[in-house]
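File shown: work_26.cif. Contents: mmCIF, C-alpha atoms and all ligand atoms.
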```cif
data_coords
loop_
_atom_site.label_atom_id
_atom_site.label_comp_id
_atom_site.auth_asym_id
_atom_site.auth_seq_id
_atom_site.Cartn_x
_atom_site.Cartn_y
_atom_site.Cartn_z
CA MET K 1 -88.32 -140.31 -116.09
CA VAL K 2 -85.21 -142.48 -115.89
CA ALA K 3 -82.70 -141.21 -113.38
CA ASN K 4 -79.25 -140.40 -114.77
CA GLU K 5 -80.58 -140.73 -118.30
CA PRO K 6 -78.07 -139.27 -120.77
CA VAL K 7 -79.07 -135.84 -122.04
CA LEU K 8 -80.26 -135.93 -125.64
CA ASP K 9 -77.94 -134.71 -128.31
CA ARG K 10 -78.22 -130.99 -128.97
CA GLN K 11 -75.67 -130.75 -131.76
CA SER K 12 -77.34 -129.79 -134.99
CA ASP K 13 -74.47 -131.29 -136.99
CA GLY K 14 -75.63 -134.71 -135.98
CA THR K 15 -72.73 -135.55 -133.69
CA ARG K 16 -73.63 -136.10 -130.09
CA SER K 17 -71.77 -134.79 -127.14
CA ALA K 18 -70.46 -137.39 -124.69
CA ALA K 19 -73.38 -138.63 -122.68
CA ARG K 20 -73.89 -136.39 -119.68
CA ASP K 21 -75.88 -137.80 -116.81
CA ARG K 22 -78.87 -135.65 -115.92
CA SER K 23 -77.45 -135.59 -112.42
CA GLU K 24 -74.25 -133.94 -113.69
CA PRO K 25 -74.17 -130.12 -113.89
CA LEU K 26 -73.78 -128.63 -117.37
CA LEU K 27 -70.37 -127.23 -116.41
CA THR K 28 -68.07 -128.81 -113.84
CA VAL K 29 -64.75 -127.24 -112.96
CA ASP K 30 -62.57 -129.30 -110.66
CA GLY K 31 -59.25 -128.16 -109.19
CA LEU K 32 -58.46 -126.05 -112.27
CA GLU K 33 -54.98 -124.58 -112.22
CA LYS K 34 -52.92 -122.47 -114.62
CA THR K 35 -49.40 -121.29 -113.96
CA TYR K 36 -47.22 -119.26 -116.28
CA GLU K 37 -43.45 -119.11 -116.31
CA THR K 38 -42.41 -115.47 -116.55
CA ASP K 39 -39.08 -113.63 -116.28
CA ALA K 40 -39.99 -112.85 -112.68
CA GLY K 41 -40.68 -116.53 -111.91
CA MET K 42 -43.86 -118.59 -111.79
CA THR K 43 -47.23 -116.79 -111.83
CA THR K 44 -50.30 -118.70 -110.74
CA ALA K 45 -53.21 -117.18 -112.64
CA VAL K 46 -55.78 -119.81 -111.61
CA ASP K 47 -55.20 -121.71 -108.39
CA ASP K 48 -57.27 -124.82 -107.59
CA VAL K 49 -60.59 -123.38 -108.81
CA SER K 50 -63.66 -125.62 -108.48
CA PHE K 51 -67.31 -124.85 -109.14
CA ALA K 52 -70.28 -126.31 -110.95
CA ILE K 53 -73.04 -124.65 -112.94
CA GLU K 54 -76.44 -126.29 -113.22
CA GLU K 55 -78.41 -126.09 -116.43
CA GLY K 56 -80.62 -123.03 -116.80
CA THR K 57 -78.78 -120.78 -114.34
CA ILE K 58 -76.98 -117.50 -114.92
CA VAL K 59 -73.79 -117.21 -112.93
CA GLY K 60 -71.63 -114.11 -112.54
CA LEU K 61 -67.84 -114.22 -112.42
CA LEU K 62 -66.44 -111.30 -110.44
CA GLY K 63 -63.00 -110.33 -109.29
CA PRO K 64 -60.56 -107.43 -109.19
CA ASN K 65 -57.99 -106.93 -111.98
CA GLY K 66 -55.68 -109.91 -112.24
CA ALA K 67 -58.00 -112.21 -110.24
CA GLY K 68 -57.98 -114.88 -112.96
CA LYS K 69 -61.35 -114.35 -114.67
CA THR K 70 -60.08 -114.19 -118.26
CA THR K 71 -57.71 -117.10 -117.71
CA THR K 72 -60.58 -119.18 -116.30
CA ILE K 73 -62.74 -118.33 -119.33
CA LYS K 74 -59.90 -119.15 -121.75
CA LEU K 75 -59.44 -122.50 -120.00
CA LEU K 76 -63.17 -123.25 -120.31
CA LEU K 77 -63.13 -122.40 -124.00
CA GLY K 78 -60.12 -124.65 -124.57
CA LEU K 79 -58.04 -121.69 -125.78
CA ILE K 80 -55.27 -122.53 -123.32
CA ARG K 81 -54.37 -125.79 -121.54
CA PRO K 82 -54.58 -126.07 -117.76
CA THR K 83 -51.54 -126.95 -115.67
CA GLY K 84 -53.84 -129.05 -113.50
CA GLY K 85 -57.47 -129.98 -112.88
CA THR K 86 -60.33 -130.53 -115.28
CA ALA K 87 -63.31 -128.76 -116.82
CA ARG K 88 -66.24 -130.66 -118.32
CA ILE K 89 -68.88 -129.01 -120.47
CA ASP K 90 -72.00 -131.04 -121.20
CA GLY K 91 -70.15 -134.22 -120.26
CA VAL K 92 -67.07 -133.51 -122.41
CA ASP K 93 -63.59 -132.97 -120.94
CA VAL K 94 -62.33 -129.66 -122.37
CA THR K 95 -58.65 -130.66 -122.29
CA GLU K 96 -59.08 -134.16 -123.69
CA SER K 97 -61.58 -133.21 -126.41
CA PRO K 98 -61.45 -129.43 -127.01
CA ALA K 99 -63.20 -129.59 -130.38
CA ALA K 100 -66.11 -131.65 -129.06
CA ALA K 101 -66.42 -129.47 -125.95
CA SER K 102 -66.41 -126.29 -128.05
CA ARG K 103 -69.63 -127.45 -129.75
CA SER K 104 -71.43 -126.96 -126.45
CA VAL K 105 -70.20 -123.45 -125.68
CA ALA K 106 -70.37 -120.10 -127.48
CA ALA K 107 -68.53 -117.07 -126.15
CA MET K 108 -68.92 -113.35 -126.56
CA LEU K 109 -65.45 -112.07 -125.89
CA GLU K 110 -64.57 -108.62 -124.64
CA GLY K 111 -64.93 -105.75 -127.11
CA ALA K 112 -66.98 -107.55 -129.81
CA ARG K 113 -63.77 -109.08 -131.11
CA ASN K 114 -65.49 -112.13 -132.56
CA VAL K 115 -67.44 -110.37 -135.33
CA TYR K 116 -66.18 -109.50 -138.81
CA TRP K 117 -66.40 -105.76 -139.19
CA ARG K 118 -66.56 -105.74 -143.02
CA LEU K 119 -69.52 -108.10 -143.14
CA THR K 120 -73.06 -106.92 -142.44
CA VAL K 121 -74.78 -107.92 -139.20
CA ARG K 122 -76.92 -110.47 -141.09
CA GLU K 123 -73.87 -111.94 -142.88
CA ASN K 124 -72.05 -112.26 -139.57
CA ILE K 125 -74.98 -114.07 -137.95
CA ARG K 126 -75.31 -116.40 -140.94
CA PHE K 127 -71.56 -117.11 -140.86
CA PHE K 128 -71.53 -117.95 -137.14
CA ALA K 129 -74.64 -120.09 -137.51
CA ARG K 130 -72.92 -122.10 -140.25
CA ILE K 131 -69.67 -122.63 -138.38
CA GLY K 132 -71.76 -123.78 -135.44
CA GLY K 133 -73.49 -126.25 -137.74
CA GLN K 134 -76.86 -124.48 -137.44
CA ARG K 135 -79.42 -123.87 -140.15
CA ALA K 136 -79.38 -120.17 -140.94
CA ASP K 137 -82.81 -119.57 -142.46
CA SER K 138 -83.95 -115.97 -142.83
CA ASP K 139 -86.81 -116.26 -140.33
CA ARG K 140 -84.50 -117.36 -137.58
CA ILE K 141 -81.99 -114.62 -138.33
CA ASP K 142 -84.78 -112.01 -138.45
CA ARG K 143 -86.07 -113.17 -135.07
CA LEU K 144 -82.62 -112.88 -133.55
CA LEU K 145 -82.08 -109.43 -135.10
CA GLU K 146 -85.40 -108.35 -133.61
CA GLN K 147 -84.43 -109.79 -130.22
CA VAL K 148 -81.19 -107.84 -129.98
CA GLY K 149 -82.76 -104.68 -131.41
CA LEU K 150 -80.77 -104.58 -134.66
CA ALA K 151 -83.53 -105.33 -137.20
CA ASP K 152 -83.21 -101.90 -138.83
CA ARG K 153 -79.40 -102.18 -139.13
CA ALA K 154 -79.30 -105.79 -140.32
CA ASP K 155 -77.77 -105.01 -143.70
CA ASP K 156 -75.19 -102.46 -142.56
CA PRO K 157 -71.54 -103.50 -142.30
CA VAL K 158 -70.58 -103.91 -138.65
CA ASN K 159 -67.86 -101.23 -138.88
CA GLU K 160 -70.58 -98.63 -139.52
CA LEU K 161 -72.31 -99.42 -136.22
CA SER K 162 -71.88 -97.74 -132.86
CA ARG K 163 -69.98 -99.58 -130.15
CA GLY K 164 -73.19 -100.65 -128.41
CA MET K 165 -74.61 -101.98 -131.68
CA LYS K 166 -71.37 -103.90 -132.35
CA GLN K 167 -71.77 -105.55 -128.93
CA LYS K 168 -75.35 -106.47 -129.80
CA ALA K 169 -74.21 -107.91 -133.15
CA SER K 170 -71.61 -109.91 -131.27
CA LEU K 171 -74.29 -111.15 -128.86
CA ALA K 172 -76.49 -112.25 -131.77
CA CYS K 173 -73.55 -114.17 -133.32
CA THR K 174 -72.98 -115.88 -129.97
CA LEU K 175 -76.63 -116.78 -129.43
CA VAL K 176 -77.29 -118.03 -132.98
CA ARG K 177 -75.24 -121.17 -132.31
CA GLU K 178 -77.80 -122.25 -129.70
CA THR K 179 -75.17 -123.91 -127.54
CA PRO K 180 -76.25 -125.07 -124.08
CA LEU K 181 -73.55 -122.91 -122.44
CA VAL K 182 -72.99 -119.24 -123.25
CA VAL K 183 -69.99 -117.33 -121.89
CA LEU K 184 -70.09 -113.53 -121.91
CA ASP K 185 -66.85 -111.72 -121.08
CA GLU K 186 -67.47 -108.08 -120.09
CA PRO K 187 -70.58 -107.72 -122.31
CA THR K 188 -71.14 -104.05 -121.45
CA LEU K 189 -67.51 -102.87 -121.29
CA GLY K 190 -67.04 -99.44 -122.82
CA LEU K 191 -70.73 -98.85 -123.48
CA ASP K 192 -72.48 -95.62 -122.59
CA VAL K 193 -75.20 -95.69 -119.94
CA GLU K 194 -78.05 -96.09 -122.41
CA SER K 195 -76.44 -98.85 -124.51
CA SER K 196 -75.41 -100.67 -121.35
CA PHE K 197 -78.99 -100.46 -120.06
CA GLU K 198 -80.38 -101.75 -123.38
CA LEU K 199 -77.93 -104.64 -123.56
CA ARG K 200 -78.71 -105.55 -119.93
CA ARG K 201 -82.42 -105.45 -120.65
CA GLU K 202 -81.86 -107.70 -123.66
CA LEU K 203 -79.79 -110.18 -121.66
CA ARG K 204 -82.43 -110.20 -118.88
CA ARG K 205 -85.18 -110.86 -121.41
CA LEU K 206 -83.20 -113.70 -122.95
CA ALA K 207 -82.50 -115.07 -119.50
CA ASP K 208 -86.17 -114.94 -118.56
CA GLN K 209 -87.43 -116.77 -121.61
CA ASN K 210 -84.54 -119.09 -122.33
CA GLU K 211 -83.27 -122.15 -120.67
CA ARG K 212 -79.73 -121.16 -121.62
CA THR K 213 -76.98 -121.52 -119.07
CA VAL K 214 -74.82 -118.40 -118.91
CA LEU K 215 -71.48 -117.56 -117.29
CA VAL K 216 -70.97 -113.80 -117.38
CA SER K 217 -67.84 -111.97 -116.30
CA SER K 218 -68.24 -108.26 -115.66
CA HIS K 219 -66.95 -105.34 -113.64
CA ASP K 220 -70.43 -103.84 -113.94
CA MET K 221 -72.29 -104.78 -110.76
CA GLN K 222 -75.60 -103.77 -112.30
CA VAL K 223 -75.09 -106.43 -114.97
CA ILE K 224 -74.37 -109.04 -112.32
CA GLU K 225 -77.11 -107.94 -109.92
CA SER K 226 -79.78 -107.71 -112.60
CA LEU K 227 -78.91 -110.94 -114.41
CA CYS K 228 -77.33 -113.50 -112.15
CA ASN K 229 -78.77 -116.11 -109.82
CA ARG K 230 -75.38 -116.75 -108.35
CA VAL K 231 -71.98 -115.09 -108.14
CA ILE K 232 -68.50 -116.60 -108.04
CA ILE K 233 -65.90 -114.14 -106.74
CA LEU K 234 -62.29 -114.83 -107.68
CA ASN K 235 -59.35 -113.25 -105.91
CA ASP K 236 -55.67 -114.04 -106.55
CA GLY K 237 -56.70 -116.96 -108.73
CA SER K 238 -58.86 -118.65 -106.07
CA VAL K 239 -62.60 -118.77 -105.36
CA LEU K 240 -63.30 -116.32 -102.55
CA ALA K 241 -67.08 -116.71 -102.53
CA ASP K 242 -69.63 -118.79 -104.42
CA GLU K 243 -73.10 -117.74 -103.27
CA THR K 244 -76.46 -116.53 -104.51
CA VAL K 245 -76.72 -112.76 -104.96
CA GLU K 246 -79.29 -112.69 -102.13
CA THR K 247 -76.98 -114.52 -99.71
CA LEU K 248 -74.13 -112.14 -100.52
CA LEU K 249 -76.34 -109.10 -99.93
CA ASP K 250 -77.64 -110.64 -96.68
CA LEU K 251 -74.08 -110.94 -95.41
CA PHE K 252 -73.95 -107.18 -95.04
CA ARG K 253 -77.61 -106.24 -94.76
CA THR K 254 -78.53 -103.99 -91.81
CA ARG K 255 -74.97 -103.79 -90.65
CA ALA K 256 -74.65 -100.09 -91.19
CA VAL K 257 -76.75 -97.18 -90.02
CA ARG K 258 -76.51 -93.54 -90.95
CA VAL K 259 -77.19 -91.00 -88.23
CA THR K 260 -77.93 -87.45 -89.28
CA VAL K 261 -77.63 -84.55 -86.87
CA THR K 262 -77.89 -80.79 -87.32
CA GLY K 263 -74.88 -78.81 -86.14
CA TRP K 264 -71.11 -79.22 -86.09
CA LEU K 265 -69.20 -81.92 -84.23
CA SER K 266 -65.88 -81.15 -82.59
CA ASN K 267 -62.84 -83.28 -83.40
CA ASP K 268 -62.98 -84.71 -79.86
CA VAL K 269 -66.55 -85.92 -80.40
CA LYS K 270 -65.58 -87.38 -83.76
CA THR K 271 -62.67 -89.23 -82.15
CA THR K 272 -65.03 -90.64 -79.50
CA LEU K 273 -67.50 -91.75 -82.16
CA THR K 274 -64.77 -93.47 -84.13
CA GLU K 275 -62.99 -95.11 -81.22
CA ARG K 276 -66.02 -96.15 -79.15
CA PHE K 277 -68.59 -96.81 -81.84
CA GLY K 278 -66.59 -97.49 -84.98
CA ALA K 279 -67.93 -94.60 -87.04
CA THR K 280 -66.51 -95.15 -90.49
CA ALA K 281 -67.61 -92.25 -92.70
CA TRP K 282 -68.38 -88.55 -92.31
CA THR K 283 -70.10 -86.22 -94.69
CA SER K 284 -70.75 -82.55 -94.01
CA ARG K 285 -72.87 -80.29 -96.14
CA ASP K 286 -71.49 -76.93 -97.20
CA ASP K 287 -73.92 -74.95 -95.07
CA GLY K 288 -72.56 -76.79 -92.02
CA THR K 289 -75.95 -77.71 -90.70
CA THR K 290 -76.20 -81.42 -91.42
CA VAL K 291 -73.56 -83.99 -90.59
CA THR K 292 -74.03 -87.57 -91.68
CA HIS K 293 -72.14 -90.40 -90.02
CA ARG K 294 -71.99 -93.93 -91.12
CA PHE K 295 -71.40 -96.50 -88.42
CA ASP K 296 -70.82 -100.19 -88.60
CA ALA K 297 -74.06 -101.32 -86.97
CA THR K 298 -72.47 -104.47 -85.55
CA ARG K 299 -70.62 -102.07 -83.23
CA VAL K 300 -73.75 -100.06 -82.45
CA GLN K 301 -76.09 -102.56 -80.87
CA GLY K 302 -78.27 -102.53 -77.77
CA ASN K 303 -77.08 -100.15 -75.06
CA GLU K 304 -74.21 -99.01 -77.19
CA PHE K 305 -76.67 -97.32 -79.52
CA TYR K 306 -78.18 -95.31 -76.63
CA GLU K 307 -74.69 -94.35 -75.47
CA LEU K 308 -73.95 -93.16 -78.98
CA MET K 309 -77.12 -91.05 -79.01
CA ALA K 310 -76.13 -89.59 -75.61
CA VAL K 311 -72.72 -88.56 -76.98
CA LEU K 312 -74.43 -86.83 -79.91
CA ARG K 313 -76.96 -85.10 -77.63
CA ASN K 314 -74.21 -83.84 -75.32
CA SER K 315 -72.24 -82.54 -78.31
CA GLY K 316 -74.73 -79.69 -78.69
CA THR K 317 -76.14 -80.92 -81.99
CA THR K 318 -79.79 -81.64 -82.73
CA PHE K 319 -80.76 -85.20 -83.56
CA GLY K 320 -82.17 -85.60 -87.09
CA SER K 321 -82.71 -89.20 -88.17
CA VAL K 322 -81.35 -92.76 -88.18
CA GLU K 323 -81.58 -94.94 -91.25
CA THR K 324 -80.44 -98.46 -92.00
CA LEU K 325 -78.21 -98.65 -95.05
CA GLU K 326 -78.96 -101.38 -97.57
CA PRO K 327 -75.81 -102.70 -99.23
CA ASP K 328 -75.56 -103.28 -102.96
CA LEU K 329 -73.43 -105.92 -104.63
CA GLU K 330 -70.60 -103.45 -105.15
CA ASP K 331 -70.40 -102.83 -101.37
CA VAL K 332 -70.35 -106.55 -100.71
CA PHE K 333 -67.69 -107.20 -103.33
CA LEU K 334 -65.40 -104.43 -102.10
CA ARG K 335 -65.75 -105.50 -98.47
CA LEU K 336 -65.05 -109.16 -99.22
CA ILE K 337 -61.94 -108.28 -101.22
CA GLU K 338 -60.83 -105.81 -98.53
CA THR K 339 -61.31 -108.41 -95.76
CA GLU K 340 -59.36 -110.97 -97.75
CA ARG K 341 -56.47 -108.57 -98.35
CA ARG K 342 -56.25 -107.13 -94.85
CA PRO K 343 -54.09 -109.83 -93.18
CA ALA K 344 -51.52 -109.72 -95.96
CA ASP K 345 -51.34 -105.91 -95.91
CA ASP K 346 -50.95 -105.64 -92.15
P1 LIG U 401 -58.81 -108.22 -115.53
O1 LIG U 401 -60.05 -107.91 -114.76
O2 LIG U 401 -57.75 -107.17 -115.35
O3 LIG U 401 -59.07 -108.57 -116.97
P2 LIG U 401 -58.51 -111.04 -114.83
O4 LIG U 401 -59.24 -111.39 -113.59
O5 LIG U 401 -59.16 -111.39 -116.11
O6 LIG U 401 -58.12 -109.52 -114.81
P3 LIG U 401 -56.29 -112.64 -115.77
O7 LIG U 401 -56.12 -111.91 -117.07
O8 LIG U 401 -56.89 -113.99 -115.83
O9 LIG U 401 -57.09 -111.74 -114.72
O10 LIG U 401 -54.84 -112.72 -115.10
C1 LIG U 401 -54.61 -113.41 -113.88
C2 LIG U 401 -53.11 -113.34 -113.56
O11 LIG U 401 -52.39 -114.13 -114.50
C3 LIG U 401 -52.52 -111.94 -113.65
O12 LIG U 401 -51.56 -111.81 -112.62
C4 LIG U 401 -51.86 -111.92 -115.00
O13 LIG U 401 -50.75 -111.04 -115.01
C5 LIG U 401 -51.40 -113.37 -115.15
N1 LIG U 401 -51.36 -113.78 -116.56
C6 LIG U 401 -52.41 -113.88 -117.40
N2 LIG U 401 -52.00 -114.29 -118.61
C7 LIG U 401 -50.66 -114.45 -118.55
C8 LIG U 401 -49.66 -114.88 -119.49
N3 LIG U 401 -49.95 -115.21 -120.74
N4 LIG U 401 -48.39 -114.93 -119.06
C9 LIG U 401 -48.06 -114.61 -117.78
N5 LIG U 401 -48.96 -114.21 -116.84
C10 LIG U 401 -50.24 -114.13 -117.22
#
```
For the file at hand, write its structure as structure tokens.
Amino acid sequence: MVANEPVLDRQSDGTRSAARDRSEPLLTVDGLEKTYETDAGMTTAVDDVSFAIEEGTIVGLLGPNGAGKTTTIKLLLGLIRPTGGTARIDGVDVTESPAAASRSVAAMLEGARNVYWRLTVRENIRFFARIGGQRADSDRIDRLLEQVGLADRADDPVNELSRGMKQKASLACTLVRETPLVVLDEPTLGLDVESSFELRRELRRLADQNERTVLVSSHDMQVIESLCNRVIILNDGSVLADETVETLLDLFRTRAVRVTVTGWLSNDVKTTLTERFGATAWTSRDDGTTVTHRFDATRVQGNEFYELMAVLRNSGTTFGSVETLEPDLEDVFLRLIETERRPADD
């Protein structure tokens, strides 16, 4: 294979995207910045954001409200112009050539806003295929309907579908364009548990069998944890972390233990546990027999752990068990954001 060979054209309308070297990631974001002038002064929504996404990966975009996720997505889709920096999709600069770049990306925006509610699911898919320059033969549409679990509702107008089904219709309209990059903004927002599970399962299946590259923004950690290879966490417009899900979980793995004892602890003992050993959470059951304490295990190492056990023994309670707490992505996210905010709040 020739190194740095340009990637073959994927546009079905016959135009080719600017030649992207094979060595170049499918999406490259470099020093992206967006400021808005408001009555209160300048707001920086996206502040020097850089990252790259390799072909065939699924990357999560996380962040608290106002972190800059939607603005970043709008910049990538060419819906707004950056104040600084660049974004290249499949070798095309989004700001210089928004129309050409848009041929390489399809987006499912929050709340299924991109589908036409008066048209049937099938008509919507056909319409989006055509505007994406794709052939919309019935077999292909049927396959897609089957994939997203809407085969039996294909000829119903979208406005007669449940919210979860509307999201699936929107997903089908996004996928039918067969763009190399797919952006999903809050794909499970507002769905009930079952619909969210089904949509997640569908996205996972597509991820497993497709070589699509996906950027997915979500507040739903289960979506991110079950789908993504990597997570980019934004906070105050900047990249706070850009790691694999495994690395993020490892950051906090085995750093907390839960000690369960039977009996009540006095306030003095609780104060000792907090001050000497950094106990961070207390739960007592109604019958007053079991007390669970969560400690930051980095503070409870070696001899300190035996000292802690001695304090509990001397408190008149009976030792029950010790377990190591495994963090989930939500824990990691909240702790990273909390750590980042702490200096400013103090
Ligand atoms: P959420 O999770 O709440 O959707 P987000 O991470 O998507 O948040 P953005 O919508 O990108 O965040 O907003 C980032 C910041 O930019 C916020 O402080 C927001 O108020 C500000 N902002 C976004 N759009 C505009 C605009 N058109 N004019 C002024 N400020 C804006």
Checklist entry - Neighbours of ligand LIG 401 (chain U) within 6 Å, counting all atoms listed in the file, as JSON, numbers by chain? => result {"K": [36, 38, 43, 45, 63, 64, 65, 66, 67, 68, 69, 70, 71]}
Checklist entry - List as a PyMOL selection string: which residues have an atom within 12 Å of (-73.7, -113.3, -141.4), counting only C-alpha atoms? => result chain K and resi 115-131+136-138+141-142+144-145+154-158+169-170+172-174+176
Draw an axis-aligned box over all listed atoms of stretch 37-44 of chain K, pad each side with 5 Å, and write its centre and edge lengths in Å, one decimal, as JSON.
```
{"center_x": -44.7, "center_y": -116.0, "center_z": -113.6, "size_x": 21.2, "size_y": 16.3, "size_z": 15.8}
```
Item to check | Å distance separating atom CA of K:Glu146 from atom CA of K:Cys228, one decimal place | outcome: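 Between atom CA of K:Glu146 and atom CA of K:Cys228 the gap is 23.5 Å.
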Checklist entry - When distances are computed from all atoms listed in the file, which of K:Leu109, K:Leu206, K:Val29, K:Val182 shows the smallest separation from K:Glu55? => result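 Result for the nearest residue to K:Glu55: K:Val182.
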Item to check | Of the listed residues K:Leu240, K:Pro82, K:Arg22, K:Asn159, that which approaches K:Glu340 most closely, counting all atoms listed in the file | outcome: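 Closest to K:Glu340 of all the choices is K:Leu240.
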Item to check | Non-local contacts of K:Arg313 (12 Å; only C-alpha atoms; under 5 positions in same chain excluded) as a list in words | outcome: Thr260, Val261, Thr262, Gly263, Trp264, Leu265, Val269, Tyr306, Glu307, Leu308, Thr318, Phe319 and Gly320 of chain K
Next on the checklist: Just want the 12 Å neighbourhood of K:Leu171, counted on all atoms listed in the file, with same-chain residues fewer than 5 positions away dropped. Output as a VMD selection string.
Outcome noted: chain K and resid 106 to 115 121 124 to 125 128 144 to 145 147 to 150 164 to 166 176 to 178 182 to 188 199 to 200 202 to 203 206
Item to check | Counting only C-alpha atoms, the option among K:Thr324, K:Pro180, K:Thr271, K:Thr317 closest to K:Arg294 | outcome: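 Between K:Thr324, K:Pro180, K:Thr271, K:Thr317, the residue approaching K:Arg294 most closely is K:Thr324.
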Next on the checklist: When you count all atoms listed in the file, which of these residues is closest to K:Arg205: K:Leu227, K:Leu191, K:Val92, K:Leu334?
Outcome noted: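 Nearest to K:Arg205: K:Leu227.
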Item to check | Polymer residues at most 12 Å from K:Ser226, all atoms listed in the file, same-chain spacing of 6 or more positions, as a ChimeraX atom specification | outcome: /K:58-60,197,199-205,207-208,216,218,220,245-246,328-329
Next on the checklist: Ranking K:Thr28, K:Ser238, K:Thr244, K:Thr283 by minimum distance to K:Val46 and counting only C-alpha atoms, which one comes first?
Outcome noted: K:Ser238
Checklist entry - Which polymer residues have any atom within 12 Å of an atom of K:Glu243, counting only C-alpha atoms, with same-chain residues fewer than 2 positions away left out, as a ChimeraX atom specification? => result /K:51-53,59-62,228-233,239-241,245-251,329,332-333
